[in-house]
Structure formats: structure tokens, C-alpha cells
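K.L.:
File name structure-v5.txt; file contents compact mmCIF, C-alpha atoms (C1' of nucleotides); full text below.
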```
# COMPACT_ATOMS: atom_id res chain seq x y z
CA MET A 269 -7.56 -19.30 -34.97
CA GLN A 270 -7.58 -20.05 -38.64
CA LYS A 271 -10.84 -19.81 -40.52
CA SER A 272 -12.30 -22.92 -42.06
CA LYS A 273 -12.47 -23.01 -45.82
CA ILE A 274 -15.56 -23.19 -47.95
CA PHE A 275 -15.45 -23.72 -51.68
CA PHE A 276 -17.93 -22.88 -54.38
CA LEU A 277 -18.04 -24.34 -57.85
CA VAL A 278 -20.58 -22.35 -59.81
CA GLY A 279 -21.27 -21.59 -63.44
CA PRO A 280 -23.97 -21.62 -66.07
CA THR A 281 -26.04 -24.71 -66.61
CA ALA A 282 -24.64 -27.64 -68.61
CA THR A 283 -20.98 -26.85 -68.07
CA GLY A 284 -20.39 -30.10 -66.23
CA LYS A 285 -20.22 -28.81 -62.67
CA SER A 286 -21.62 -31.95 -61.05
CA GLU A 287 -19.11 -34.27 -62.69
CA THR A 288 -16.21 -31.96 -62.00
CA ALA A 289 -17.30 -31.49 -58.41
CA VAL A 290 -16.94 -35.17 -57.63
CA TYR A 291 -13.26 -35.19 -58.53
CA LEU A 292 -12.67 -31.92 -56.79
CA ALA A 293 -14.44 -33.12 -53.66
CA LYS A 294 -12.13 -36.14 -53.48
CA LYS A 295 -9.09 -33.93 -53.60
CA LEU A 296 -10.48 -31.51 -51.06
CA LYS A 297 -11.90 -34.13 -48.72
CA ALA A 298 -15.16 -32.36 -49.21
CA GLU A 299 -18.85 -33.04 -49.05
CA ILE A 300 -20.95 -31.44 -51.72
CA VAL A 301 -23.80 -29.07 -50.94
CA SER A 302 -26.10 -28.21 -53.80
CA CYS A 303 -26.52 -24.53 -54.58
CA ASP A 304 -29.44 -24.91 -56.90
CA SER A 305 -32.96 -23.59 -56.48
CA MET A 306 -34.58 -26.39 -58.45
CA GLN A 307 -32.60 -29.50 -57.50
CA VAL A 308 -33.92 -29.12 -53.96
CA TYR A 309 -37.13 -30.64 -55.28
CA LYS A 310 -38.04 -34.29 -55.28
CA LYS A 311 -39.46 -36.00 -58.36
CA MET A 312 -37.72 -33.54 -60.63
CA ASP A 313 -34.45 -35.34 -61.29
CA ILE A 314 -34.57 -35.34 -65.05
CA ILE A 315 -35.98 -31.88 -65.59
CA THR A 316 -33.41 -30.32 -63.28
CA SER A 317 -30.51 -32.49 -64.45
CA ALA A 318 -29.86 -33.50 -60.89
CA PRO A 319 -26.61 -35.41 -60.31
CA SER A 320 -26.95 -39.08 -61.20
CA ARG A 321 -26.96 -41.90 -58.70
CA GLN A 322 -23.45 -42.87 -59.75
CA ILE A 323 -22.22 -39.40 -58.89
CA ILE A 324 -24.00 -39.28 -55.57
CA LYS A 325 -22.55 -42.63 -54.65
CA LYS A 326 -19.02 -41.33 -54.95
CA VAL A 327 -19.30 -38.32 -52.67
CA ARG A 328 -21.80 -37.33 -50.04
CA HIS A 329 -24.28 -34.76 -51.37
CA HIS A 330 -26.63 -32.45 -49.49
CA LEU A 331 -29.76 -30.43 -50.20
CA LEU A 332 -30.75 -32.47 -53.23
CA GLY A 333 -34.32 -33.67 -53.55
CA ILE A 334 -35.37 -32.63 -50.08
CA ILE A 335 -38.62 -30.79 -50.79
CA PRO A 336 -41.84 -32.12 -52.33
CA PRO A 337 -42.67 -30.24 -55.52
CA GLU A 338 -45.96 -29.11 -54.04
CA LYS A 339 -44.08 -26.93 -51.58
CA GLU A 340 -42.66 -23.47 -52.00
CA TYR A 341 -39.00 -22.88 -51.46
CA ASP A 342 -36.98 -19.70 -51.23
CA VAL A 343 -33.61 -18.15 -50.53
CA SER A 344 -34.00 -17.69 -46.84
CA ARG A 345 -34.88 -21.33 -46.31
CA TYR A 346 -31.91 -22.24 -48.39
CA ARG A 347 -29.66 -20.02 -46.36
CA ARG A 348 -30.77 -21.57 -43.11
CA GLN A 349 -30.40 -25.13 -44.33
CA ALA A 350 -27.08 -24.50 -46.01
CA ALA A 351 -25.63 -22.81 -42.95
CA LYS A 352 -26.58 -25.81 -40.90
CA LYS A 353 -24.92 -28.14 -43.40
CA ILE A 354 -21.73 -26.13 -43.24
CA LYS A 355 -21.50 -26.58 -39.50
CA GLU A 356 -22.20 -30.29 -39.70
CA ILE A 357 -19.67 -30.89 -42.43
CA ILE A 358 -16.94 -28.97 -40.71
CA HIS A 359 -17.74 -30.78 -37.51
CA ARG A 360 -17.02 -34.01 -39.37
CA ASN A 361 -13.66 -32.57 -40.32
CA LYS A 362 -14.67 -32.26 -43.92
CA THR A 363 -14.80 -29.29 -46.23
CA PRO A 364 -18.04 -27.91 -47.67
CA LEU A 365 -18.03 -27.68 -51.46
CA PHE A 366 -21.03 -25.80 -52.82
CA VAL A 367 -21.98 -26.69 -56.35
CA GLY A 368 -24.69 -25.11 -58.44
CA GLY A 369 -25.83 -22.31 -60.65
CA THR A 370 -28.12 -20.22 -58.51
CA GLY A 371 -26.18 -17.02 -58.03
CA LEU A 372 -28.62 -15.48 -55.61
CA TYR A 373 -28.41 -18.45 -53.27
CA MET A 374 -24.66 -18.21 -53.22
CA SER A 375 -24.72 -14.49 -52.63
CA ILE A 376 -27.24 -14.71 -49.81
CA LEU A 377 -25.22 -17.40 -48.15
CA ILE A 378 -21.95 -15.50 -48.32
CA ASP A 379 -23.17 -11.95 -47.95
CA GLY A 380 -26.33 -12.47 -45.94
CA ILE A 381 -29.91 -11.37 -46.07
CA PHE A 382 -31.83 -8.87 -43.99
CA LYS A 383 -34.33 -10.08 -41.43
CA ALA A 384 -37.94 -9.78 -42.39
CA LYS A 385 -41.13 -11.60 -41.67
CA ALA A 386 -42.16 -14.40 -43.94
CA GLN A 387 -44.11 -13.20 -46.91
CA ASP A 388 -47.63 -12.04 -46.22
CA GLU A 389 -49.81 -13.87 -48.73
CA SER A 390 -52.96 -11.79 -48.43
CA LEU A 391 -51.05 -8.56 -48.56
CA ARG A 392 -49.21 -9.75 -51.63
CA ARG A 393 -52.37 -10.78 -53.34
CA ARG A 394 -53.84 -7.36 -52.69
CA LEU A 395 -50.78 -5.61 -54.07
CA TYR A 396 -50.71 -7.71 -57.21
CA GLN A 397 -54.38 -7.02 -57.80
CA GLN A 398 -53.68 -3.33 -57.53
CA ALA A 399 -50.78 -3.68 -59.91
CA GLN A 400 -53.05 -5.35 -62.41
CA ARG A 401 -55.80 -2.78 -62.04
CA LEU A 402 -53.78 0.38 -61.74
CA GLY A 403 -50.49 -0.57 -63.33
CA SER A 404 -47.08 -1.15 -61.88
CA ASN A 405 -46.26 2.50 -62.38
CA TYR A 406 -48.92 3.39 -59.85
CA LEU A 407 -47.38 1.16 -57.22
CA HIS A 408 -43.97 2.46 -58.11
CA LYS A 409 -45.10 5.99 -57.39
CA ARG A 410 -46.47 4.85 -54.08
CA LEU A 411 -43.18 3.19 -53.23
CA ASN A 412 -41.43 6.39 -54.13
CA ARG A 413 -43.24 8.17 -51.30
CA PHE A 414 -42.21 5.63 -48.64
CA ASP A 415 -38.84 4.61 -49.95
CA PRO A 416 -37.43 6.85 -52.67
CA LEU A 417 -34.11 5.04 -52.59
CA ALA A 418 -35.69 1.71 -53.43
CA ALA A 419 -37.95 3.32 -56.02
CA LYS A 420 -34.95 4.77 -57.74
CA LYS A 421 -33.30 1.39 -57.90
CA ILE A 422 -36.33 -0.59 -59.05
CA HIS A 423 -37.66 -0.16 -62.57
CA PRO A 424 -41.32 1.00 -62.69
CA HIS A 425 -42.22 -2.14 -64.66
CA ASP A 426 -40.58 -4.55 -62.25
CA THR A 427 -43.80 -5.41 -60.48
CA ARG A 428 -42.30 -8.21 -58.46
CA ARG A 429 -39.70 -6.06 -56.74
CA ILE A 430 -42.06 -3.14 -56.27
CA VAL A 431 -44.53 -5.41 -54.51
CA ARG A 432 -41.83 -6.90 -52.33
CA ALA A 433 -40.58 -3.46 -51.33
CA LEU A 434 -44.09 -2.34 -50.43
CA GLU A 435 -44.72 -5.57 -48.58
CA VAL A 436 -41.59 -5.12 -46.52
CA PHE A 437 -42.48 -1.56 -45.70
CA GLU A 438 -45.99 -2.46 -44.62
CA THR A 439 -44.95 -5.42 -42.49
CA THR A 440 -41.84 -3.95 -40.87
CA GLY A 441 -42.46 -0.24 -41.08
CA LYS A 442 -38.98 0.19 -42.46
CA PRO A 443 -37.89 0.91 -46.01
CA ILE A 444 -36.39 -2.09 -47.76
CA SER A 445 -33.50 0.02 -48.98
CA GLN A 446 -32.47 0.56 -45.38
CA LEU A 447 -32.93 -3.06 -44.33
CA GLN A 448 -30.90 -4.24 -47.27
CA LYS A 449 -27.87 -2.57 -45.80
CA GLU A 450 -28.17 -4.73 -42.72
CA ARG A 451 -26.94 -8.03 -43.98
CA LYS A 452 -24.56 -10.38 -42.35
CA GLY A 453 -23.35 -13.46 -44.14
CA LEU A 454 -20.90 -16.22 -43.58
CA GLY A 455 -18.25 -14.52 -45.62
CA ASN A 456 -16.58 -13.14 -42.53
CA ASN A 457 -16.48 -16.38 -40.60
CA TYR A 458 -14.95 -18.56 -43.28
CA GLU A 459 -12.36 -18.40 -45.96
CA ILE A 460 -14.37 -18.46 -49.16
CA LYS A 461 -13.09 -19.47 -52.56
CA ILE A 462 -15.32 -19.36 -55.61
CA PHE A 463 -14.64 -20.93 -58.98
CA CYS A 464 -16.85 -20.41 -61.98
CA LEU A 465 -16.79 -22.92 -64.79
CA ASN A 466 -17.26 -21.46 -68.24
CA MET A 467 -16.71 -22.17 -71.91
CA PRO A 468 -17.13 -20.41 -75.26
CA ARG A 469 -20.72 -19.37 -75.79
CA ASP A 470 -21.40 -21.43 -78.88
CA LYS A 471 -20.07 -24.52 -77.20
CA LEU A 472 -22.15 -23.84 -74.12
CA TYR A 473 -25.33 -23.49 -76.18
CA GLN A 474 -24.47 -26.65 -78.04
CA ARG A 475 -24.13 -28.54 -74.79
CA ILE A 476 -27.41 -27.17 -73.53
CA LYS A 477 -29.18 -28.42 -76.64
CA GLU A 478 -27.58 -31.82 -76.32
CA ARG A 479 -28.50 -32.02 -72.67
CA ILE A 480 -32.14 -31.32 -73.41
CA GLU A 481 -32.21 -34.04 -76.05
CA LYS A 482 -30.74 -36.35 -73.45
CA MET A 483 -33.43 -35.39 -70.95
CA PHE A 484 -36.07 -36.61 -73.37
CA LYS A 485 -34.25 -39.90 -73.84
CA GLN A 486 -34.17 -40.30 -70.07
CA GLY A 487 -37.92 -39.98 -69.82
CA LEU A 488 -38.61 -36.30 -69.38
CA LEU A 489 -42.10 -36.53 -70.84
CA ASP A 490 -43.08 -39.11 -68.30
CA GLU A 491 -41.59 -37.20 -65.41
CA VAL A 492 -43.32 -33.99 -66.36
CA LYS A 493 -46.62 -35.75 -67.00
CA LYS A 494 -46.49 -37.00 -63.43
CA LEU A 495 -45.53 -33.58 -62.11
CA LEU A 496 -48.44 -31.96 -63.88
CA ARG A 497 -50.83 -34.25 -62.05
CA LEU A 498 -49.62 -32.74 -58.78
CA LYS A 499 -50.42 -29.31 -57.53
CA LEU A 500 -46.98 -27.90 -58.20
CA SER A 501 -45.88 -25.04 -56.02
CA ARG A 502 -45.28 -21.71 -57.65
CA THR A 503 -41.55 -22.10 -57.27
CA ALA A 504 -41.30 -25.68 -58.50
CA HIS A 505 -43.49 -24.73 -61.44
CA GLN A 506 -40.79 -22.36 -62.63
CA ALA A 507 -38.38 -25.09 -63.70
CA ILE A 508 -37.63 -24.77 -67.38
CA GLY A 509 -39.58 -27.45 -69.16
CA ILE A 510 -42.79 -27.34 -67.16
CA LYS A 511 -44.62 -24.64 -69.04
CA GLU A 512 -42.94 -25.59 -72.32
CA LEU A 513 -44.20 -29.17 -72.10
CA LYS A 514 -47.55 -28.13 -70.74
CA GLY A 515 -48.08 -26.31 -74.03
CA TYR A 516 -47.28 -29.52 -75.86
CA PHE A 517 -49.54 -31.68 -73.69
CA THR A 518 -52.45 -29.31 -74.16
CA GLY A 519 -51.95 -29.34 -77.91
CA GLN A 520 -50.88 -25.76 -78.36
CA TYR A 521 -47.86 -26.85 -80.39
CA ASP A 522 -45.94 -29.98 -81.31
CA LEU A 523 -43.07 -31.66 -79.54
CA ALA A 524 -40.44 -30.11 -81.77
CA GLU A 525 -41.66 -26.67 -80.77
CA ALA A 526 -41.64 -27.62 -77.10
CA LYS A 527 -38.04 -28.73 -77.43
CA ARG A 528 -37.09 -25.58 -79.26
CA LEU A 529 -38.63 -23.45 -76.52
CA MET A 530 -36.86 -25.41 -73.81
CA LYS A 531 -33.53 -25.05 -75.53
CA HIS A 532 -33.99 -21.37 -76.18
CA ASN A 533 -35.15 -20.56 -72.67
CA THR A 534 -32.29 -22.52 -71.18
CA CYS A 535 -29.76 -20.62 -73.28
CA LEU A 536 -31.25 -17.33 -72.12
CA TYR A 537 -31.08 -18.60 -68.57
CA ALA A 538 -27.41 -19.50 -68.95
CA LYS A 539 -26.74 -16.01 -70.22
CA ARG A 540 -28.40 -14.50 -67.16
CA GLN A 541 -26.36 -16.75 -64.91
CA LEU A 542 -23.18 -15.51 -66.53
CA THR A 543 -24.23 -11.90 -66.04
CA TRP A 544 -24.73 -12.57 -62.38
CA PHE A 545 -21.40 -14.30 -61.88
CA ARG A 546 -19.45 -11.78 -63.91
CA LYS A 547 -20.45 -9.12 -61.43
CA ASP A 548 -18.91 -10.99 -58.52
CA LYS A 549 -15.27 -10.01 -58.49
CA ARG A 550 -14.33 -12.68 -55.97
CA ILE A 551 -14.83 -15.37 -58.56
CA LYS A 552 -11.94 -17.14 -60.21
CA TRP A 553 -12.87 -18.18 -63.71
CA ILE A 554 -12.13 -21.60 -65.12
CA GLU A 555 -12.36 -21.87 -68.88
CA ALA A 556 -13.14 -25.40 -70.04
CA LYS A 557 -11.41 -26.24 -73.27
CA GLN A 558 -12.61 -28.56 -75.97
CA GLN A 559 -10.78 -31.65 -74.75
CA ASP A 560 -11.08 -31.09 -71.02
CA THR A 561 -12.50 -33.95 -69.00
CA PRO A 562 -14.20 -33.23 -65.68
CA LYS A 563 -11.21 -34.80 -64.00
CA ALA A 564 -8.78 -32.54 -65.82
CA ILE A 565 -10.80 -29.50 -64.86
CA ALA A 566 -10.94 -30.57 -61.25
CA THR A 567 -7.17 -30.98 -61.27
CA ARG A 568 -6.75 -27.53 -62.74
CA ILE A 569 -8.99 -25.98 -60.11
CA PHE A 570 -7.18 -27.81 -57.35
CA SER A 571 -3.85 -26.49 -58.55
CA LYS A 572 -5.14 -22.94 -58.17
CA ILE A 573 -6.19 -23.34 -54.59
C1' G B 33 -29.26 -19.52 -124.34
C1' C B 34 -34.01 -16.53 -123.76
C1' C B 35 -37.96 -14.31 -120.49
C1' G B 36 -39.44 -12.89 -115.59
C1' G B 37 -38.44 -12.28 -110.17
C1' G B 38 -34.69 -11.48 -106.61
C1' G B 39 -29.63 -10.36 -104.32
C1' U B 40 -30.23 -4.90 -97.88
C1' A B 41 -28.48 -7.10 -90.20
C1' G B 42 -26.96 -14.07 -88.33
C1' C B 43 -32.22 -15.54 -90.65
C1' U B 44 -37.07 -13.87 -93.08
C1' C B 45 -37.94 -9.53 -95.32
C1' A B 46 -39.54 -3.75 -95.57
C1' G B 47 -38.28 1.07 -97.41
C1' U B 48 -36.25 5.84 -99.50
C1' G B 49 -32.32 10.23 -104.71
C1' G B 50 -29.71 12.77 -99.07
C1' U B 51 -25.04 9.16 -94.31
C1' A B 52 -31.00 2.33 -93.79
C1' G B 53 -35.55 -0.17 -90.74
C1' A B 54 -39.08 -4.48 -88.61
C1' G B 55 -39.79 -9.41 -86.72
C1' C B 56 -37.06 -13.56 -85.20
C1' G B 57 -32.20 -14.41 -83.49
C1' G B 58 -27.88 -12.37 -80.97
C1' C B 59 -25.44 -9.37 -77.26
C1' G B 60 -25.16 -6.49 -72.65
C1' G B 61 -27.12 -5.25 -67.86
C1' C B 62 -30.25 -5.16 -63.17
C1' C B 63 -31.24 -8.41 -59.19
C1' U B 64 -31.39 -8.97 -50.94
C1' G B 65 -37.65 -14.07 -48.75
C1' A B 66 -40.70 -16.57 -56.54
C1' A B 67 -34.17 -16.30 -58.78
C1' A B 68 -34.38 -22.29 -64.06
C1' A B 69 -38.23 -16.45 -61.93
C1' G B 70 -38.89 -11.21 -62.94
C1' C B 71 -37.18 -6.60 -65.21
C1' C B 72 -34.33 -3.20 -68.49
C1' G B 73 -31.16 -1.76 -72.52
C1' C B 74 -28.49 -2.32 -77.54
C1' G B 75 -29.18 -2.79 -84.80
C1' C B 76 -25.38 -5.92 -83.85
C1' G B 77 -25.05 -3.16 -91.65
C1' G B 78 -18.43 -2.11 -96.29
C1' G B 79 -26.67 -2.47 -99.05
C1' G B 80 -23.58 -9.14 -104.59
C1' G B 81 -18.76 -6.98 -107.75
C1' G B 82 -17.35 -3.04 -111.19
C1' G B 83 -18.52 1.35 -113.92
C1' G B 84 -21.79 5.67 -114.99
C1' U B 85 -25.52 9.87 -114.09
C1' C B 86 -25.92 13.34 -109.98
C1' C B 87 -23.81 18.26 -105.34
C1' G B 88 -25.14 13.34 -103.35
C1' A B 89 -27.12 6.34 -104.88
C1' U B 90 -28.90 1.32 -101.17
C1' U B 91 -32.54 3.72 -104.26
C1' C B 92 -31.73 5.75 -111.48
C1' C B 93 -28.68 3.65 -115.92
C1' C B 94 -24.93 -0.01 -117.99
C1' U B 95 -22.21 -4.46 -117.21
C1' C B 96 -20.65 -8.85 -114.77
C1' C B 97 -21.57 -12.66 -110.92
C1' C B 98 -25.03 -15.65 -107.94
C1' C B 99 -30.04 -17.66 -106.52
C1' C B 100 -35.40 -18.92 -107.81
C1' G B 101 -39.36 -19.85 -111.46
C1' G B 102 -40.78 -20.47 -116.68
C1' C B 103 -39.29 -21.39 -121.91
C1' A B 104 -35.63 -23.95 -124.54
```
Would you mind writing the file out in C-alpha cells?
P.N.:
Amino acid sequence: MQKSKIFFLVGPTATGKSETAVYLAKKLKAEIVSCDSMQVYKKMDIITSAPSRQIIKKVRHHLLGIIPPEKEYDVSRYRRQAAKKIKEIIHRNKTPLFVGGTGLYMSILIDGIFKAKAQDESLRRRLYQQAQRLGSNYLHKRLNRFDPLAAKKIHPHDTRRIVRALEVFETTGKPISQLQKERKGLGNNYEIKIFCLNMPRDKLYQRIKERIEKMFKQGLLDEVKKLLRLKLSRTAHQAIGIKELKGYFTGQYDLAEAKRLMKHNTCLYAKRQLTWFRKDKRIKWIEAKQQDTPKAIATRIFSKI
RNA sequence: GCCGGGGUAGCUCAGUGGUAGAGCGGCGGCCUGAAAAGCCGCGCGGGGGGGGUCCGAUUCCCUCCCCCGGCA
């Protein structure tokens, strides 16, 4: 029996994935599934540049605005929900088209994740306190005794990963480096095709800056003001723009500085996204040229399928 | 035209007679339950042009060009 196909359209932020995806979805008879760690949140449409209503009207979209911003979200939840969407979409005789910029989410979906218990909050808190008191190097040395392989891979300053590795060891009794080898994703069950949209760096940064200006025109300040009244979850709080505008609202700097910070941090983010995607050799790269419309790009992608 | 200050990394600037640094920016990488996060690495330079002194000049001297301030 032939494997069903799943498509991914990924790429750094502000390359025009959402617009392109609509045209591509039409050609592929696809439904779009978001692959974005921030657009899962409600009430964050402007700050996350979520696809507009007009776009959503044209093609069915999934996993957008499904979580209240007070709630945490993570990869494993994403994986579960996305896997379910794949089944449903294929059942409807449609093709899943994943669109977004969160490389880890894509990777976990395709390549899998090891089974572990949900994070242990109190244990984590304890470990972070120790890290603060004794330094991340101390925890790293401890990790080195239980799981030298993981310790070798994780930098002694990378507190977050050291804590996770220790947490996994304490809750499962197994070294994370061993568990990480046990991953099973969807990659084997489906025919996967990944396209990454890209453009020259200076043009990309220019578009990012323009997009952020546009966000302000759309009412970003108002949206963020409302968000800051809520008790934002740790994960939702990470969206670029929250801490930058908080600094403005609390009078630490002016609006121009807040904008500058947002633009800068978004450019750095785009660079990190590219690093992630570059590593994945399955990806077919699509270079957007100066005059390319989303429709033209979609046509080009379709011709390569 | 005269006097003074300056021309060193993409930007703002240090420094030294012996193959140039810092901050900002930029670039590269890592990533398995926080990933729009977290972490790591890399000066990325024909020292404004030309000539001279010297074993050796970015640093000293001469000259030209450009910028800033003052006087005309």
C-alpha cells in the first residue's frame, strides 16, 4: 500500500509562508496545520502574526489559537495534537500541509520523541535553585556521574538542558542520552516532503522590520496591554514583543527602543531558525526572489513535487 | 586662506616603533517535554592616498585629499 503524503512548508519568520501556503494548499487539496509554538495561543494574533481571517477563510486551518495564553504548551502536546490532525485530514481524503517556523516541532513530529513523564515541577524548582546557588557547572558535574554521554553533549552553562537531563534521570532512572535514542516518529508511516522558504538575508531583515511596524499599526500595543493583565504562562510569555513592550510600559525606555529591541530580537530569531533548518538535509530550499508573489512561489513549489 | 582637532572593523572609538584591540552590530553553530526559549563559538581589518626615516611604521617626518570646530 502506498504511503500517504504529508507536506511541510517551513522557513524563517516573515518570509510569507502563510500566504504561500494558501495557494499551495489549493493545488494540493490540502488542509493546513500550523507548526508554530506561539500561534497555538489565543489572544495573540497580532504579536504572533497569525494568519489573517481572509487567509483562514480560504483554506481550513488547524492548531491556531487553541490554547489560552495562561496555559503552558510544549512539544509533546503539539506532537499528540498534530498526529491526530493528520489522521483526521487523511480520513477526509485531504492532504496535511504543515506550515510554520518551529523547527523542533517539525522534527519531533517526523522523527519522534522519547517517552517520559510530564515535567516534575517541584523537582525542577529544586534543581534550578541549586543551579542558582551552586552554579550550572556544579549540576553539570553531577550529570556527568549519571550520564556522561549527555554531559559531554550539553554545555556546562546550558542550565536548562542540564536540569532536564537530571530531571529525566531522577524520574525515570534512565539516562536521557539513552532514552533519546528511542524515538519513533511519523516519518516512516508517511511520505514526507519539506520545503523551506528563504530569501537573501538583508531582504529578510527588511521584511521583519516592516512586519513589526505593521504589527503596531494593527494594534499591537493594545493587544499586549491586555495580555499583560493576564497571568501569562511561561511559554506564552516568551513571544517576542512581550518583554520588549513590558519594558516600555514600565517606563524603562521609550517606544522607539522597544521597537528596536523587537526588530533585533526577531532578526536573531530568524537566524536561529535558519541554522536549524540548514541542518535538516531532507529539506528542499525555495529561494524567494524580489518580484515573487506568494502565488508564484506556490506554483514553483508545486512544480517540484 | 589661516589655526586647531580628527581620518584604524559595518558603526562609535582605544592603543603600540615590531605582522592591531573593545563595545555595539554582523556571521556561524548546538538543540529530543520552555524552542519566538536557552546555550556556545568567530574580529569579520589592504590602518585616507603618495613619499621618506628605520632592520621594521598603523605608530616618527614630509606632502596631498577628506571631515569637524574656530578665525577670516
K.L.:
Could you tell me which residues of chain A sit within 7 Å of chain B when counting all atoms listed in the file, and give me the result as number ranges by chain?
P.N.:
A: 306, 342-344, 372, 381-382, 386-387, 423, 425-426, 428, 448, 502-503, 506-508, 537
K.L.:
Report, in Å to a single decimal, how far apart CA of Asp548 in chain A and CA of Ser571 in chain A are.
P.N.:
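Result for CA of Ser571 in chain A versus CA of Asp548 in chain A: 21.6 Å, one decimal.
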K.L.:
Pick out the residues sitting within 12 Å of A89 in chain B, and hand them over as a PyMOL selection string; count all atoms listed in the file, and ignore anything fewer than 5 positions along from it in its own chain.
P.N.:
chain B and resi 48-51+79+84
K.L.:
If you measure from C1' of G38 in chain B to C1' of C76 in chain B, what distance in Å do you get, rounded to one decimal?
P.N.:
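Rounded to one decimal, the two atoms are 25.2 Å apart.
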K.L.:
Give me the residues near Val431 in chain A as a list in words, where near means some atom within 8 Å (using all atoms listed in the file) and where sequence neighbours in that chain fewer than 3 positions away do not count.
P.N.:
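The filter keeps Arg392, Leu395, Tyr396, Leu407, Thr427, Arg428, Leu434 and Glu435 of chain A.
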K.L.:
U95 in chain B: which residues within 12 Å, counting all atoms listed in the file, same-chain residues fewer than 5 positions away excluded, as a ChimeraX atom specification?
P.N.:
/B:81-84
K.L.:
List as a PyMOL selection string the protein and nucleic acid residues near Gln270 in chain A, meaning an atom at most 10 Å away when only C-alpha atoms (C1' of nucleotides) are counted, but skip any in the same chain fewer than 6 places from it.
P.N.:
chain A and resi 457-459
K.L.:
Quick one: everything within 10 Å of Lys485 in chain A, counting only C-alpha atoms (C1' of nucleotides), minus sequence neighbours fewer than 5 positions away in the same chain. Send it as a list of chain:residue names.
P.N.:
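Once the nearby chain positions are removed, what remains is A:Ile314, A:Arg479, A:Ile480.
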K.L.:
Rounded to one decimal in Å, what is the spacing between CA of Asn456 in chain A and CA of Phe276 in chain A?
P.N.:
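These two atoms are separated by 15.4 Å.
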K.L.:
In the coordinates of the file, take the point (-32.2, -28.1, -80.2) and a cut-off of 12 Å; then, counting only C-alpha atoms (C1' of nucleotides), name each qualifying protein, DNA or RNA residue as an MDAnalysis selection string.
P.N.:
chainID A and resid 473:484 523:535
K.L.:
Find the smallest box with edges along x, y and z containing every listed atom of range 398-411 of chain A, then add 6 Å on each side and report centre and edge lengths in Å to one decimal, as AutoDock Vina command-line options.
P.N.:
```
--center_x -49.5 --center_y 0.3 --center_z -58.3 --size_x 24.6 --size_y 23.3 --size_z 22.1
```
K.L.:
From the options B:C96, B:G47, B:G39, B:C56, which residue's atoms come nearest to G80 in chain B, counting all atoms listed in the file?
P.N.:
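Using all atoms listed in the file, the shortest distance to G80 in chain B belongs to B:G39.
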K.L.:
Calculated over only C-alpha atoms, which of the candidates A:Phe414, A:Phe366, A:Tyr309, A:Tyr521 has the smallest distance to Gly279 in chain A?
P.N.:
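Smallest distance to Gly279 in chain A is found for A:Phe366.
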